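Have a look at target-v3.cif below; it lists mmCIF, C-alpha atoms and all ligand atoms.
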```cif
data_target
#
loop_
_atom_site.label_atom_id
_atom_site.label_comp_id
_atom_site.auth_asym_id
_atom_site.auth_seq_id
_atom_site.Cartn_x
_atom_site.Cartn_y
_atom_site.Cartn_z
CA MET A 21 26.03 2.89 -13.90
CA PHE A 22 22.63 1.30 -14.52
CA LYS A 23 21.14 0.44 -17.86
CA ASN A 24 17.85 1.10 -16.16
CA GLU A 25 17.53 4.85 -15.80
CA LYS A 26 14.77 4.56 -13.24
CA PRO A 27 16.01 1.83 -10.93
CA PHE A 28 13.42 2.24 -8.16
CA GLU A 29 10.00 1.76 -9.69
CA LEU A 30 8.26 -0.39 -7.14
CA ILE A 31 4.81 -1.35 -6.06
CA VAL A 32 3.67 -2.87 -2.79
CA LEU A 33 0.66 -5.18 -2.61
CA GLY A 34 -0.96 -6.54 0.52
CA PRO A 35 -4.23 -6.97 2.39
CA PRO A 36 -5.76 -4.36 4.70
CA VAL A 37 -3.70 -3.83 7.90
CA SER A 38 -0.73 -5.67 6.40
CA GLY A 39 1.17 -2.42 6.99
CA LYS A 40 1.73 -1.89 3.27
CA GLY A 41 1.24 1.88 3.49
CA THR A 42 3.78 2.12 6.30
CA GLN A 43 6.28 -0.09 4.48
CA THR A 44 5.87 1.83 1.23
CA GLU A 45 6.54 5.06 3.11
CA LEU A 46 9.66 3.63 4.78
CA VAL A 47 11.08 2.31 1.51
CA ALA A 48 10.34 5.63 -0.21
CA LYS A 49 12.27 7.50 2.53
CA THR A 50 15.14 5.01 2.37
CA PHE A 51 15.71 5.52 -1.35
CA SER A 52 14.64 9.20 -1.47
CA ILE A 53 11.82 8.54 -3.89
CA PRO A 54 8.21 9.70 -3.61
CA HIS A 55 5.55 7.57 -1.98
CA ILE A 56 2.67 7.45 -4.43
CA SER A 57 -0.85 6.32 -3.68
CA THR A 58 -3.99 6.88 -5.70
CA GLY A 59 -5.73 8.45 -2.69
CA VAL A 60 -3.05 11.11 -2.39
CA ILE A 61 -3.00 11.74 -6.15
CA LEU A 62 -6.78 12.20 -6.28
CA HIS A 63 -6.86 14.53 -3.28
CA ALA A 64 -4.00 16.61 -4.70
CA ILE A 65 -5.75 17.02 -8.06
CA LYS A 66 -9.06 17.74 -6.40
CA SER A 67 -7.50 20.67 -4.51
CA ASP A 68 -5.32 21.88 -7.41
CA THR A 69 -7.95 23.92 -9.26
CA SER A 70 -5.46 24.73 -12.04
CA HIS A 71 -5.32 21.04 -13.00
CA PRO A 72 -7.51 20.33 -16.06
CA MET A 73 -9.07 17.28 -14.35
CA SER A 74 -9.65 18.99 -11.02
CA ALA A 75 -13.37 19.70 -11.45
CA GLU A 76 -14.09 16.22 -12.75
CA VAL A 77 -12.22 14.54 -9.89
CA ARG A 78 -13.92 16.81 -7.35
CA ASP A 79 -17.33 15.92 -8.76
CA TYR A 80 -16.69 12.19 -8.34
CA MET A 81 -15.19 12.50 -4.87
CA ASP A 82 -17.65 15.01 -3.41
CA ASN A 83 -20.54 12.88 -4.57
CA GLY A 84 -19.03 9.72 -3.16
CA LYS A 85 -18.72 8.20 -6.63
CA LEU A 86 -15.93 5.89 -7.66
CA VAL A 87 -13.42 7.64 -9.91
CA PRO A 88 -13.47 5.67 -13.22
CA THR A 89 -10.55 3.37 -13.73
CA GLU A 90 -9.49 5.03 -17.03
CA LEU A 91 -9.20 8.38 -15.29
CA VAL A 92 -7.26 6.89 -12.37
CA ASN A 93 -4.91 5.20 -14.86
CA LYS A 94 -4.35 8.47 -16.69
CA LEU A 95 -3.62 10.37 -13.47
CA VAL A 96 -1.22 7.70 -12.20
CA ALA A 97 0.61 7.67 -15.54
CA GLU A 98 0.91 11.46 -15.37
CA ARG A 99 2.08 11.40 -11.73
CA ILE A 100 4.88 8.88 -12.30
CA LYS A 101 6.29 11.05 -15.08
CA GLY A 102 6.82 13.84 -12.55
CA GLU A 103 10.29 15.32 -12.10
CA ASP A 104 10.50 13.93 -8.56
CA CYS A 105 10.01 10.41 -9.97
CA LYS A 106 13.14 10.51 -12.11
CA PHE A 107 14.76 7.71 -10.09
CA GLY A 108 11.50 5.94 -9.40
CA TYR A 109 8.74 5.84 -6.82
CA ALA A 110 7.14 3.53 -4.30
CA MET A 111 3.45 2.96 -4.92
CA ASP A 112 0.67 1.31 -2.97
CA GLY A 113 -3.05 1.09 -3.70
CA PHE A 114 -2.39 0.73 -7.42
CA PRO A 115 -2.84 -1.40 -9.46
CA ARG A 116 -6.13 -2.66 -8.03
CA THR A 117 -7.23 -4.77 -10.99
CA LEU A 118 -5.53 -6.97 -13.54
CA GLU A 119 -6.39 -4.40 -16.23
CA GLN A 120 -4.61 -1.71 -14.22
CA ALA A 121 -1.57 -3.96 -13.82
CA GLN A 122 -1.48 -4.43 -17.59
CA PHE A 123 -1.95 -0.70 -18.08
CA LEU A 124 0.92 0.01 -15.70
CA ASP A 125 3.16 -2.23 -17.79
CA SER A 126 2.49 0.00 -20.76
CA ALA A 127 3.12 3.21 -18.78
CA ALA A 128 6.03 2.17 -16.57
CA ASP A 129 8.92 -0.23 -16.24
CA ILE A 130 8.29 -1.73 -12.82
CA ASP A 131 11.41 -3.05 -11.10
CA TYR A 132 9.96 -4.57 -7.94
CA VAL A 133 6.61 -5.94 -6.90
CA PHE A 134 6.43 -6.76 -3.21
CA LEU A 135 3.58 -8.75 -1.75
CA ILE A 136 3.27 -8.40 2.01
CA LYS A 137 1.75 -11.73 2.97
CA VAL A 138 -0.51 -11.93 5.98
CA THR A 139 -3.05 -14.73 6.38
CA ASP A 140 -6.74 -13.89 6.65
CA GLU A 141 -6.77 -15.28 10.21
CA ILE A 142 -4.10 -12.82 11.33
CA ILE A 143 -5.81 -9.92 9.53
CA ILE A 144 -9.05 -10.73 11.33
CA GLU A 145 -7.22 -10.97 14.65
CA ARG A 146 -5.41 -7.67 14.07
CA MET A 147 -8.58 -5.81 13.15
CA SER A 148 -11.12 -7.38 15.45
CA GLY A 149 -8.93 -6.74 18.52
CA ARG A 150 -8.77 -3.00 17.91
CA ARG A 151 -10.55 -0.67 20.30
CA VAL A 152 -10.79 3.10 20.08
CA CYS A 153 -12.13 5.90 22.28
CA LYS A 154 -14.00 8.96 21.05
CA ASN A 155 -10.72 10.90 21.09
CA GLY A 156 -9.16 8.54 18.59
CA HIS A 157 -6.76 6.77 20.96
CA THR A 158 -6.26 3.27 19.60
CA TRP A 159 -5.61 0.08 21.55
CA HIS A 160 -5.43 -3.58 20.74
CA LEU A 161 -6.70 -6.20 23.16
CA LYS A 162 -3.74 -8.46 22.32
CA TYR A 163 -0.92 -6.29 20.95
CA SER A 164 -1.24 -3.10 23.02
CA PRO A 165 -3.87 -3.82 25.65
CA PRO A 166 -5.32 -1.10 27.89
CA LYS A 167 -5.37 -1.94 31.63
CA ASN A 168 -9.14 -2.28 31.46
CA PRO A 169 -10.46 -3.54 28.11
CA THR A 170 -13.38 -1.10 28.15
CA ILE A 171 -11.61 2.12 29.27
CA CYS A 172 -9.01 4.24 27.47
CA ASP A 173 -5.83 4.48 29.57
CA THR A 174 -4.97 7.84 28.03
CA CYS A 175 -8.18 9.78 28.59
CA GLY A 176 -10.51 7.56 30.63
CA GLU A 177 -13.26 7.51 27.96
CA PRO A 178 -15.06 4.26 27.11
CA LEU A 179 -13.53 2.09 24.40
CA PHE A 180 -15.54 0.70 21.52
CA GLN A 181 -15.03 -1.30 18.34
CA ARG A 182 -15.35 0.65 15.09
CA ASP A 183 -17.81 -0.78 12.57
CA ASP A 184 -14.88 -1.21 10.15
CA ASP A 185 -13.20 -3.55 12.63
CA LYS A 186 -16.17 -5.83 13.23
CA PRO A 187 -15.56 -9.38 12.00
CA GLU A 188 -18.28 -9.33 9.33
CA THR A 189 -16.93 -6.06 7.87
CA VAL A 190 -13.36 -7.34 7.99
CA GLN A 191 -14.39 -10.53 6.19
CA SER A 192 -16.13 -8.60 3.42
CA ARG A 193 -13.09 -6.31 3.00
CA LEU A 194 -10.92 -9.42 2.73
CA ASP A 195 -13.28 -10.91 0.14
CA ILE A 196 -12.95 -7.73 -1.93
CA TYR A 197 -9.18 -7.75 -1.47
CA HIS A 198 -8.88 -11.33 -2.73
CA ARG A 199 -11.26 -10.74 -5.61
CA GLU A 200 -9.21 -7.73 -6.73
CA THR A 201 -5.68 -8.72 -5.85
CA ASP A 202 -5.30 -12.46 -6.35
CA SER A 203 -5.25 -12.11 -10.14
CA ILE A 204 -2.68 -9.28 -9.93
CA VAL A 205 -0.48 -11.43 -7.70
CA GLU A 206 -0.69 -14.30 -10.20
CA TYR A 207 0.06 -11.91 -13.06
CA TYR A 208 3.29 -10.68 -11.48
CA ARG A 209 4.21 -14.14 -10.25
CA SER A 210 3.92 -15.56 -13.76
CA LYS A 211 6.21 -12.78 -15.01
CA GLY A 212 8.75 -13.69 -12.32
CA MET A 213 8.48 -10.23 -10.77
CA LEU A 214 6.78 -11.03 -7.50
CA LYS A 215 8.79 -10.83 -4.29
CA GLU A 216 6.89 -12.31 -1.39
CA ILE A 217 7.51 -10.85 2.04
CA ASP A 218 6.44 -12.45 5.31
CA GLY A 219 4.21 -9.74 6.73
CA GLU A 220 3.47 -11.50 10.00
CA GLN A 221 6.65 -10.25 11.61
CA HIS A 222 7.50 -7.04 13.38
CA ILE A 223 7.37 -3.90 11.24
CA GLU A 224 11.18 -3.54 11.28
CA GLU A 225 11.67 -7.14 10.14
CA VAL A 226 9.26 -6.66 7.24
CA TYR A 227 11.08 -3.48 6.25
CA TYR A 228 14.44 -5.23 6.50
CA GLN A 229 13.30 -8.03 4.16
CA ILE A 230 12.16 -5.53 1.52
CA VAL A 231 15.30 -3.43 1.62
CA ARG A 232 17.53 -6.51 1.74
CA GLN A 233 15.98 -7.80 -1.49
CA MET A 234 16.38 -4.45 -3.19
CA VAL A 235 19.98 -4.04 -2.09
CA ASP A 236 20.86 -7.60 -3.20
CA ASP A 237 19.28 -6.92 -6.56
CA LEU A 238 21.10 -3.58 -6.98
CA ARG A 239 24.41 -5.18 -6.02
CA SER A 240 23.97 -7.86 -8.65
CA LYS A 241 23.04 -5.20 -11.24
CA VAL A 242 26.29 -3.31 -10.65
CA GLY A 243 28.24 -6.58 -10.51
CA TRP A 244 29.14 -6.16 -6.84
CA LYS A 245 29.06 -9.71 -5.47
ZN ZN B 301 -8.74 8.07 24.78
#
```
Rewrite the structure of this file - the entire thing - as structure tokens.
Ligand SMILES: [Zn+2]
Amino acid sequence: MFKNEKPFELIVLGPPVSGKGTQTELVAKTFSIPHISTGVILHAIKSDTSHPMSAEVRDYMDNGKLVPTELVNKLVAERIKGEDCKFGYAMDGFPRTLEQAQFLDSAADIDYVFLIKVTDEIIIERMSGRRVCKNGHTWHLKYSPPKNPTICDTCGEPLFQRDDDKPETVQSRLDIYHRETDSIVEYYRSKGMLKEIDGEQHIEEVYYQIVRQMVDDLRSKVGWK
């Protein structure tokens, strides 16, 4: 039916707390394709002692060292050739650099690149409003406020702001995100592959936009107007 034998090779880009992991998971479930992320690949290889790269990956991860980009590329290329990827996959967290995007073009035939767009202001608001208790219950002062902003409604423990959610940390994560991702976004945009999704809506709306674009594209590929 399709000329393209792997019609669902897609990647999802987006800033921290844009919900890209959640959206990638939902799309993967919708089309019965695996959700691939570099974190999951690396952890799987680290624990699979029969894998030839297992010891090397474990050494990097256990010592808190960054896994070199060539090795990550190699492992991603291997993963997307897996039997479960025969119709495609939904990937987030890769590519992280322009070089990785170019590498991916040599290893795969990407069908969709979604960018979940959320402004820095909204990211900062989403993250800086988060409060947690020591039991891991999570609240948001604006989006899911506890009755008392300093006490967990679930367990009564005090609420605090994680270091990761403090404005200065959020800003530096955003700086890294832009430094890494802006060139990838431009790369895919210049190739006409980028599909921009308004990520400032409810999770279901964001999901609907992604699936709608894929379904429209598939319909046009099979000539179903
Ligand atoms: Zn709690």
With ligand ZN 301 (chain B) as the partner and 7 Å as the cut-off, tabulate the residues of chain A that qualify, each row holding the nearest pair of atoms and their distance in Å to one decimal, using all atoms listed in the file, sorted by chain and rising number, as a tab-separated table.
```
residue	atom	partner	partner_atom	distance
A:Cys153	CA	B:ZN301	ZN	4.7
A:Lys154	CA	B:ZN301	ZN	6.5
A:Asn155	CA	B:ZN301	ZN	5.1
A:Gly156	CA	B:ZN301	ZN	6.2
A:His157	CA	B:ZN301	ZN	4.5
A:Cys172	CA	B:ZN301	ZN	4.7
A:Asp173	CA	B:ZN301	ZN	6.7
A:Thr174	CA	B:ZN301	ZN	5.0
A:Cys175	CA	B:ZN301	ZN	4.2
A:Gly176	CA	B:ZN301	ZN	6.1
A:Glu177	CA	B:ZN301	ZN	5.6
```
TODO: May I have the residues at most 6 Å from (-2.1, 0.5, -14.1) in the file's coordinates, counting all atoms listed in the file, as a list in words?
DONE: Asn93, Pro115, Gln120, Ala121, Phe123 and Leu124 of chain A
- [ ] Rounded to one decimal place, report the CA of Pro27 (chain A)-CA of Pro54 (chain A) distance in Å.
- [x]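 Computing it gives 13.3 Å between the two atoms.
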Long-range neighbours of Lys137 (chain A) as a short mmCIF file (atom, residue, chain, number, x, y, z; two decimals) with C-alpha atoms, in the coordinates of the input, 6 Å cut-off, all atoms listed in the file, 3 positions minimum in chain:
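Output below, filename result-v3.cif:
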```
data_model
loop_
_atom_site.label_atom_id
_atom_site.label_comp_id
_atom_site.auth_asym_id
_atom_site.auth_seq_id
_atom_site.Cartn_x
_atom_site.Cartn_y
_atom_site.Cartn_z
CA ILE A 217 7.51 -10.85 2.04
CA ASP A 218 6.44 -12.45 5.31
CA GLY A 219 4.21 -9.74 6.73
#
```
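Pairwise distance (CA of Arg182 (chain A), CA of Gly41 (chain A)) equals 20.3 Å.
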Task: Residue among A:Tyr80, A:Tyr109, A:Phe180, A:Tyr207 lying closest to Ser148 (chain A), counting all atoms listed in the file - done: A:Phe180
- [ ] Go through A:Lys94, A:His198, A:Lys49, A:Lys162 one by one, measure the shortest atom-to-atom distance of each to Ile142 (chain A) using only C-alpha atoms, and give the residue with the smallest value.
- [x] A:Lys162
Task: Nearest-residue call for Pro36 (chain A), choices A:Thr201, A:Ser70, A:Ser57, A:Gln233, using only C-alpha atoms - done: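 Smallest separation from Pro36 (chain A) among the options: A:Thr201.
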Task: Å distance separating CA of Phe28 (chain A) from CA of Tyr132 (chain A), one decimal place - done: 7.6 Å
TODO: Identify, on the basis of only C-alpha atoms, every residue whose closest approach to Asp184 (chain A) does not exceed 9 Å; exclude the query and any residue fewer than 5 positions from it along the same chain; express the result as a list in words.
DONE: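 What passes the distance filter is Met147, Ser148, Thr189, Val190 and Arg193 of chain A.
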